[in-house]
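Enquirer: Before I ask anything, here is the structure I am working with.
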Amino acid sequence: MATIFPPEQEQIIELDVRTDEMLVSMGPQHPSTHGVLRLVLRTDGEVVSEVTPHLGYLHRCAEKIGENVTPIQFIPYTDRMDYLAGMNMNLGYSLAVEKLCGLTDKIPEKAQVIRVLVCELNRIASHLVGIGAYGLDLGTFSPFLYAFREREMILDLFEEVCGARLTYSYVTIGGVHDDLPEGWVERCSKFLDWFEPRLEEYHTLLTRNSIFIKRTAGIGVLPKDMAIAYGCTGPMLRGSLNREKGDPPWDLRKIEPYCGYDQYEFEVPLPPFAETPVEAVIGDAWHRFYVRMKEMEQSARIVRQALRKYETAKGSHRIEPPRHLPPGEAYVETECPRGQMGFYVVGRPTKESVPLRVRARSSSFCNLSVTHEICRGCLIADVPAIVGSIDIVMGEVDR
Amino acid sequence: MGLLEGRFEKGGVVITTLEQAINWARQASVWPMTFGLACCAIEMMATGASRYDIDRFGAGAFRATPRQADLMIVAGTVNFKMASRVRRLYNQMPDPKFVIAMGACTSGGGPYYKYGYNVVKGVDLIVPVDVYVAGCPPRPEALLEGLMRVQDKIRAMHDLTKRQPLDYLVPTRSGYVQLPPEVETLQKANEYCRRRKELSTPAKV
Amino acid sequence: MGGAEIIAILVEKFGPRIQQTKPDAIDPYVVVDAGDLVDVCRFLRDDPRLQFDMLNCITGVDYCEPDPAKAPKAGFEPHLEVVYHLSSFVKRHRFVVKVLLPRWKDNVPGQLPEVPTVTSIWPAANWHERETYDLVGVYFVGHPDLRRILLAEDWEGHPLRKDYVFPLEYHGIRGR
Ligand code: SF4
């Protein structure tokens with residue numbers, strides 16, 4: 001368009017073109033976040049200068065319920081906290097109550113083995129959703145379909161042991177609810193035979209996909225010190241550690257073994273990896289994703305060992321828990337797919353069956369609290385990539 | 001495609017009313033809104049994913065914006081903080097619009113009914129609901145069945161002639177369940193339950 | 001390092017400022033006064049023998065029996081506890097610090113009891129303190145941004161208090 005200004009004024013107009021600071025609200029109903037999370041972004045053009053997460057759109061009062069019902073009755077609610085890893089959550093709460101009741105050493109071996117079995121299978125299922133949904137966040141649909149194909153197989157196995165697809169309530173206080181059905185062990189190992197080669201497919205679909213690398217490598221870098229200061233755990237923290245600098249394999253299954261995890265052989269995947277693309281730096285979204293991929297491999301390995309152990313395991317699948325909680329308090333953390341999930345149970349001094357207080361220390365909650373640090377200065381399009389790589393489950397964040 | 005199957009082999013005509021034709025097209029392309037709230041959302045995702053494939057019923061195009069959607073599947077617990085958003089999203093949807101309340105939570109509070117100080121006891125307190133799907137979470141099959149009931153409702157609409165819709169709807173398609181062999185008869189089922197109970201009794205300390 | 005040794009180090013450093021120790025509990029803990037909390041926490045983080053660089057959890061526990069008939073037999077005086085669960089990335093040990101508070105400041109219902117914030121020591125405390133403020137009703141003095149985090153901004157009351165009455169309705173939606 002022809003200008004109506006004389007040349008010297010035109011320049012002034014040119015200088016006047018600037019970007020405004022804008023507040024953009026992402027969510028709570030937003031297609032590419034995991035659940036109902038609202039992010040308020042302060043943007044300058046395309047660059048995000050500040051991110052404020054707003055939570056609570058799924059606050060379901062789990063802690064209030066916990067202090068009104070008995071521990072066994074509370075088990076179903078733990079399922080519904082982290083609904084992608086119900087077994088792990090059941091286990092966390094059961095361990096906390098068992099620690100309070102002094103039952104920790106009395107759990108029979110068979111129960112322990114079944115617990116490890118189902119928890120590791122559930123970890124695989126949860127990571128599958130994690131990476132599938134991460135693909136969705138970045139705009140690719142097919143990894144999601146493949147991931148759900150394998151996940152459905154795991155859910156079939158779970159359906160056989162407890163009848164539910166998502167909210168299991170299978171691991172309870174004192175052991176597990178039921179023994180494994182006949183023929184389950186063979187079906188499980190058949191599934192593993194199918195699953196392990198499939199991991200290579202995911203690597204082709206995502207890990208080595210150049211678009212995927214472009215969108216995740218070097219994005220949302222989380223230094224180790226910051227991760228620890230903010231209480232980040234799980235793949236989030238492990239993606240920031242460096243094996244070569246002598247960082248410990250920070251996995252509660254290794255460093256504070258529960259449920260007999262010390263009898264299993266597995267590794268904790270820590271960067272640097274042989275497959276790391278040149279663009280990726282330790283602590284970025286790509287590493288967090290890759291740690292999950294590697295963990296699935298290790299979980300499959302643990303499941304194989306547990307299947308072998310199950311054949312010879314002694315004892316019953318469950319022991320009768322006491323009716324009343326002793327006074328005192330116990331805090332237990334377990335390694336859930338998203339990080340360390342802690343349960344804190346306080347018994348009443350008068351020995352009642354209902355606890356005085358139940359607190360869930362949620363791993364996603366802590367992992368999410370670091371968003372405003374790692375999103376600073378990224379582009380708007382990177383925000384879903386970063387939030388997706390944290391792999392949050394809002395049910396666990398808000399409880 | 002039961003309506004048209006085998007009708008065109010030798011060429012031919014189909015006679016229908018305009019209303020029926022519109023309804024037929026409408027019920028075969030229900031676009032749901034991506035509206036996952038809680039645990040049920042994972043089952044909704046599973047319904048859309050490889051095994052259950054909601055696309056078979058024409059409802060696989062999950063829309064991210066309410067302006068393009070005709071069906072809101074409220075999948076998960078709605079709490080007071082979310083309630084105003086749910087209502088606003090519903091208001092943004094174009095007519096005709098349908099709501100499926102998926103799961104116990106949206107049907108009436110579910111497990112959070114008694115002590116959930118922050119949970120809305122049923123999404124029908126906020127938006128009108130067409131179909132309730134029971135379960136916690138409902139299986140994907142149940143959600144598909146709920147979708148079919150929505151399609152029944154669409155098929156019975158009379159928005160051109162403004163006639164009153166039928167009082168009762170006749171389900172045109174429905175799923176059925178074949179019982180597994182161990183619980184086929186009542187006797188077998190009783191025996192099965194008794195055995196399971198024996199197996200799951202915990203040991204004494 | 002075991003709980004008893006950590007307690008010994010703390011007692012040696014702070015003396016009577018550690019109000020109460022419990023080395024034989026399931027998770028050993030010490031009780032400190034609210035005024036000393038920041039000093040103790042800073043020492044716990046910075047001392048080379050302890051190095052508690054991770055704050056796992058902050059919990060508010062409301063010790064109260066709302067039913068007056070049961071209250072004399074409840075086994076505790078009404079009070080609030082704020083519990084800090086710490087762990088160390090380097091040393092791999094855990095510890096618990098507690099602060100005891102009255103249920104209401106100066107026993108005036110509605111005035112929240114006060115604790116100094118530890119956000120300057122562990123940034124993780126930020127959200128945990130907001131949550132404790134939101135649900136249990138403890139005011140963290142000096143917190144950079146003390147707002148409700150889970151419940152709506154205009155919510156009344158603190159639900160995890162034992163005497164909390166569930167709302168009948170919220171913005172026109174039936175609550176019970
Ligand atoms: S009905 Fe059950 S599975 Fe569905 S959202 Fe509610 S608690 Fe979760």
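To be explicit about the labels: the chains of the structure tokens are called A, B, and onward in the order shown, and within each one the residues are counted from 1, while ligands get numbers from 1 in the order they are shown.
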Determine, for each residue of chain C having at least one atom at most 10 Å from an atom of chain B, the closest pair of atoms and their separation in Å to one decimal, counting only C-alpha atoms; order by chain and ascending number, as a tab-separated table.

Expert:
residue	atom	partner	partner_atom	distance
C:Leu150	CA	B:Lys81	CA	8.9
C:Leu151	CA	B:Lys81	CA	7.0
C:Ala152	CA	B:Lys81	CA	5.7
C:Glu153	CA	B:Lys81	CA	9.1
C:Trp155	CA	B:Lys81	CA	9.7
C:Pro159	CA	B:Tyr117	CA	7.7
C:Tyr164	CA	B:Tyr117	CA	9.9
C:Val165	CA	B:Tyr117	CA	9.0
C:Phe166	CA	B:Tyr117	CA	5.6
C:Pro167	CA	B:Tyr117	CA	6.8
C:Leu168	CA	B:Tyr117	CA	9.2
C:Glu169	CA	B:Val120	CA	9.7
C:Tyr170	CA	B:Phe80	CA	7.2
C:His171	CA	B:Phe80	CA	8.6
C:Gly172	CA	B:Leu125	CA	9.6
C:Ile173	CA	B:Leu125	CA	6.7
C:Arg174	CA	B:Leu125	CA	7.5
C:Gly175	CA	B:Val120	CA	6.5
C:Arg176	CA	B:Lys121	CA	7.3

Enquirer: Please provide as a list in words all residues within 8 Å of Ser389 in chain A, with the sequence filter that same-chain residues fewer than 3 positions apart are discarded (counting only C-alpha atoms).

Expert: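 Listed by chain and then number, they are Tyr134, Ala285, Trp286, Arg288, Phe289, Ala385 and Ile386 of chain A.
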
Enquirer: Please produce an output containing C-alpha atoms for each residue in the selection, written as an mmCIF file, in the first residue's frame.

Expert:
data_model
loop_
_atom_site.group_PDB
_atom_site.id
_atom_site.type_symbol
_atom_site.label_atom_id
_atom_site.label_comp_id
_atom_site.auth_asym_id
_atom_site.auth_seq_id
_atom_site.Cartn_x
_atom_site.Cartn_y
_atom_site.Cartn_z
ATOM 1 C CA TYR A 134 3.178 -36.954 24.656
ATOM 2 C CA ALA A 285 12.327 -32.824 27.478
ATOM 3 C CA TRP A 286 13.918 -35.423 25.224
ATOM 4 C CA ARG A 288 12.789 -37.135 30.299
ATOM 5 C CA PHE A 289 11.000 -38.940 27.523
ATOM 6 C CA ALA A 385 5.956 -29.927 24.824
ATOM 7 C CA ILE A 386 7.402 -29.090 28.227
#

Enquirer: Residues of chain B within 6 Å of chain A, counting only C-alpha atoms - could you list those as a PyMOL selection string?

Expert: chain B and resi 37+39+49-50+64+81-82+115-116+200+202-205

Enquirer: Report as a PyMOL selection string the set of chain A residues whose atoms approach chain C to within 6 Å, with distances computed over only C-alpha atoms.

Expert: chain A and resi 55-56+228-231+349

Enquirer: Skipping near chain neighbours, those fewer than 5 positions away, what residues fall within 9 Å of Trp104 in chain C using only C-alpha atoms, listed as a PyMOL selection string?

Expert: chain C and resi 79-80+109-113

Enquirer: Dump all heavy atoms for the selected residues as a PDB file, in the first residue's frame?

Expert:
ATOM      1  N   HIS C  79      -4.806 -29.097  69.204  1.00  0.00           N
ATOM      2  CA  HIS C  79      -3.726 -28.268  68.679  1.00  0.00           C
ATOM      3  C   HIS C  79      -3.496 -28.624  67.222  1.00  0.00           C
ATOM      4  O   HIS C  79      -4.092 -29.560  66.697  1.00  0.00           O
ATOM      5  CB  HIS C  79      -2.439 -28.461  69.484  1.00  0.00           C
ATOM      6  CG  HIS C  79      -1.836 -29.823  69.359  1.00  0.00           C
ATOM      7  ND1 HIS C  79      -2.298 -30.914  70.054  1.00  0.00           N
ATOM      8  CD2 HIS C  79      -0.819 -30.282  68.589  1.00  0.00           C
ATOM      9  CE1 HIS C  79      -1.600 -31.980  69.740  1.00  0.00           C
ATOM     10  NE2 HIS C  79      -0.692 -31.628  68.847  1.00  0.00           N
ATOM     11  N   LEU C  80      -2.639 -27.863  66.579  1.00  0.00           N
ATOM     12  CA  LEU C  80      -2.271 -28.120  65.187  1.00  0.00           C
ATOM     13  C   LEU C  80      -0.813 -28.518  65.151  1.00  0.00           C
ATOM     14  O   LEU C  80      -0.019 -28.048  65.954  1.00  0.00           O
ATOM     15  CB  LEU C  80      -2.427 -26.852  64.347  1.00  0.00           C
ATOM     16  CG  LEU C  80      -3.738 -26.514  63.682  1.00  0.00           C
ATOM     17  CD1 LEU C  80      -3.537 -25.279  62.844  1.00  0.00           C
ATOM     18  CD2 LEU C  80      -4.185 -27.635  62.802  1.00  0.00           C
ATOM     19  N   PRO C 109     -11.162 -17.657  67.443  1.00  0.00           N
ATOM     20  CA  PRO C 109     -11.509 -18.406  66.224  1.00  0.00           C
ATOM     21  C   PRO C 109     -11.528 -17.497  65.008  1.00  0.00           C
ATOM     22  O   PRO C 109     -12.075 -16.407  65.038  1.00  0.00           O
ATOM     23  CB  PRO C 109     -12.914 -18.939  66.527  1.00  0.00           C
ATOM     24  CG  PRO C 109     -12.981 -18.985  68.009  1.00  0.00           C
ATOM     25  CD  PRO C 109     -12.142 -17.863  68.506  1.00  0.00           C
ATOM     26  N   GLY C 110     -10.902 -17.954  63.949  1.00  0.00           N
ATOM     27  CA  GLY C 110     -10.828 -17.158  62.733  1.00  0.00           C
ATOM     28  C   GLY C 110      -9.446 -16.598  62.496  1.00  0.00           C
ATOM     29  O   GLY C 110      -9.091 -16.277  61.371  1.00  0.00           O
ATOM     30  N   GLN C 111      -8.652 -16.480  63.571  1.00  0.00           N
ATOM     31  CA  GLN C 111      -7.282 -15.975  63.382  1.00  0.00           C
ATOM     32  C   GLN C 111      -6.350 -17.153  63.187  1.00  0.00           C
ATOM     33  O   GLN C 111      -6.146 -17.954  64.093  1.00  0.00           O
ATOM     34  CB  GLN C 111      -6.850 -15.191  64.616  1.00  0.00           C
ATOM     35  CG  GLN C 111      -7.517 -13.866  64.736  1.00  0.00           C
ATOM     36  CD  GLN C 111      -6.546 -12.824  65.245  1.00  0.00           C
ATOM     37  OE1 GLN C 111      -5.370 -12.861  64.939  1.00  0.00           O
ATOM     38  NE2 GLN C 111      -7.055 -11.902  66.039  1.00  0.00           N
ATOM     39  N   LEU C 112      -5.738 -17.242  62.016  1.00  0.00           N
ATOM     40  CA  LEU C 112      -4.932 -18.409  61.721  1.00  0.00           C
ATOM     41  C   LEU C 112      -3.628 -18.378  62.509  1.00  0.00           C
ATOM     42  O   LEU C 112      -3.024 -17.314  62.680  1.00  0.00           O
ATOM     43  CB  LEU C 112      -4.621 -18.455  60.222  1.00  0.00           C
ATOM     44  CG  LEU C 112      -5.831 -18.517  59.310  1.00  0.00           C
ATOM     45  CD1 LEU C 112      -5.380 -18.634  57.871  1.00  0.00           C
ATOM     46  CD2 LEU C 112      -6.709 -19.682  59.671  1.00  0.00           C
ATOM     47  N   PRO C 113      -3.178 -19.532  62.983  1.00  0.00           N
ATOM     48  CA  PRO C 113      -1.867 -19.600  63.648  1.00  0.00           C
ATOM     49  C   PRO C 113      -0.750 -19.353  62.639  1.00  0.00           C
ATOM     50  O   PRO C 113      -0.911 -19.607  61.444  1.00  0.00           O
ATOM     51  CB  PRO C 113      -1.821 -21.022  64.186  1.00  0.00           C
ATOM     52  CG  PRO C 113      -2.766 -21.777  63.338  1.00  0.00           C
ATOM     53  CD  PRO C 113      -3.847 -20.828  62.956  1.00  0.00           C
TER      54      PRO C 113
END

Enquirer: Select the residues contacting ligand 1 at a distance of at most 8 Å, based on only C-alpha atoms and all ligand atoms, then format the selection as a list in words.

Expert: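 Result of the 8 Å neighbour search around ligand 1: Tyr77, Arg80, Tyr83, Leu166 and Thr167 of chain A; Leu37, Ala38, Cys39, Cys40, Ala41, Ala75, Gly76, Thr77, Met102, Gly103, Ala104, Cys105, Thr106, Gly109, Gly110, Pro111, Tyr112, Ala134, Gly135, Cys136, Pro137 and Pro138 of chain B.
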
Enquirer: Near range 241-258 of chain A, counting only C-alpha atoms, which residues have an atom at most 6 Å away, once you skip same-chain residues fewer than 2 positions from it, shown as a PDB file with N, CA, C and O atoms, in the first residue's frame?

Expert:
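Once written, out-v2.pdb looks like this:
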ATOM      1  N   ARG A 238      15.561 -38.002  37.141  1.00  0.00           N
ATOM      2  CA  ARG A 238      16.588 -38.856  36.532  1.00  0.00           C
ATOM      3  C   ARG A 238      17.014 -38.332  35.172  1.00  0.00           C
ATOM      4  O   ARG A 238      18.143 -38.540  34.754  1.00  0.00           O
ATOM      5  N   GLY A 239      16.129 -37.641  34.481  1.00  0.00           N
ATOM      6  CA  GLY A 239      16.527 -37.049  33.216  1.00  0.00           C
ATOM      7  C   GLY A 239      17.552 -35.951  33.371  1.00  0.00           C
ATOM      8  O   GLY A 239      18.203 -35.573  32.412  1.00  0.00           O
ATOM      9  N   GLY A 260      10.924 -56.185  48.623  1.00  0.00           N
ATOM     10  CA  GLY A 260      11.921 -57.098  48.088  1.00  0.00           C
ATOM     11  C   GLY A 260      12.460 -56.731  46.738  1.00  0.00           C
ATOM     12  O   GLY A 260      12.855 -57.593  45.962  1.00  0.00           O
ATOM     13  N   TYR A 261      12.495 -55.447  46.424  1.00  0.00           N
ATOM     14  CA  TYR A 261      13.050 -55.049  45.133  1.00  0.00           C
ATOM     15  C   TYR A 261      14.554 -55.285  45.066  1.00  0.00           C
ATOM     16  O   TYR A 261      15.127 -55.292  43.987  1.00  0.00           O
ATOM     17  N   ASP A 262      15.182 -55.475  46.249  1.00  0.00           N
ATOM     18  CA  ASP A 262      16.630 -55.684  46.229  1.00  0.00           C
ATOM     19  C   ASP A 262      16.988 -57.058  45.677  1.00  0.00           C
ATOM     20  O   ASP A 262      18.136 -57.312  45.356  1.00  0.00           O
ATOM     21  N   VAL A 268      18.969 -48.656  36.682  1.00  0.00           N
ATOM     22  CA  VAL A 268      18.232 -47.408  36.641  1.00  0.00           C
ATOM     23  C   VAL A 268      18.823 -46.592  35.511  1.00  0.00           C
ATOM     24  O   VAL A 268      19.983 -46.213  35.563  1.00  0.00           O
ATOM     25  N   LEU A 270      20.153 -43.795  33.452  1.00  0.00           N
ATOM     26  CA  LEU A 270      20.558 -42.414  33.709  1.00  0.00           C
ATOM     27  C   LEU A 270      21.268 -41.884  32.483  1.00  0.00           C
ATOM     28  O   LEU A 270      21.988 -42.610  31.822  1.00  0.00           O
ATOM     29  N   PRO A 271      21.073 -40.606  32.147  1.00  0.00           N
ATOM     30  CA  PRO A 271      21.859 -40.029  31.056  1.00  0.00           C
ATOM     31  C   PRO A 271      23.347 -40.005  31.439  1.00  0.00           C
ATOM     32  O   PRO A 271      23.638 -40.092  32.631  1.00  0.00           O
ATOM     33  N   GLU A 335       8.281 -45.636  44.724  1.00  0.00           N
ATOM     34  CA  GLU A 335       8.621 -45.124  43.408  1.00  0.00           C
ATOM     35  C   GLU A 335       7.469 -45.424  42.457  1.00  0.00           C
ATOM     36  O   GLU A 335       7.284 -46.547  42.023  1.00  0.00           O
TER      37      GLU A 335
END

Enquirer: When DSSP is applied to the backbone of this structure, which of range 25-138 of chain A are assigned helix (DSSP H, G or I)? Write them out as a VMD selection string.

Expert: chain A and resid 62 to 66 71 to 79 86 to 101 104 to 106 109 to 138

Enquirer: Once DSSP has gone over the backbone, tell me which residues of range 30-202 of chain B are in strand (DSSP E or B), as a VMD selection string.

Expert: chain B and resid 32 to 33 36 63 71 to 75 79 98 to 102 119 131 to 133

Enquirer: I want to know what sits within 12 Å of Asp47 in chain C, based on only C-alpha atoms, with residues of the same chain fewer than 3 positions away left out; could you give that as a count of residues only?

Expert: 16
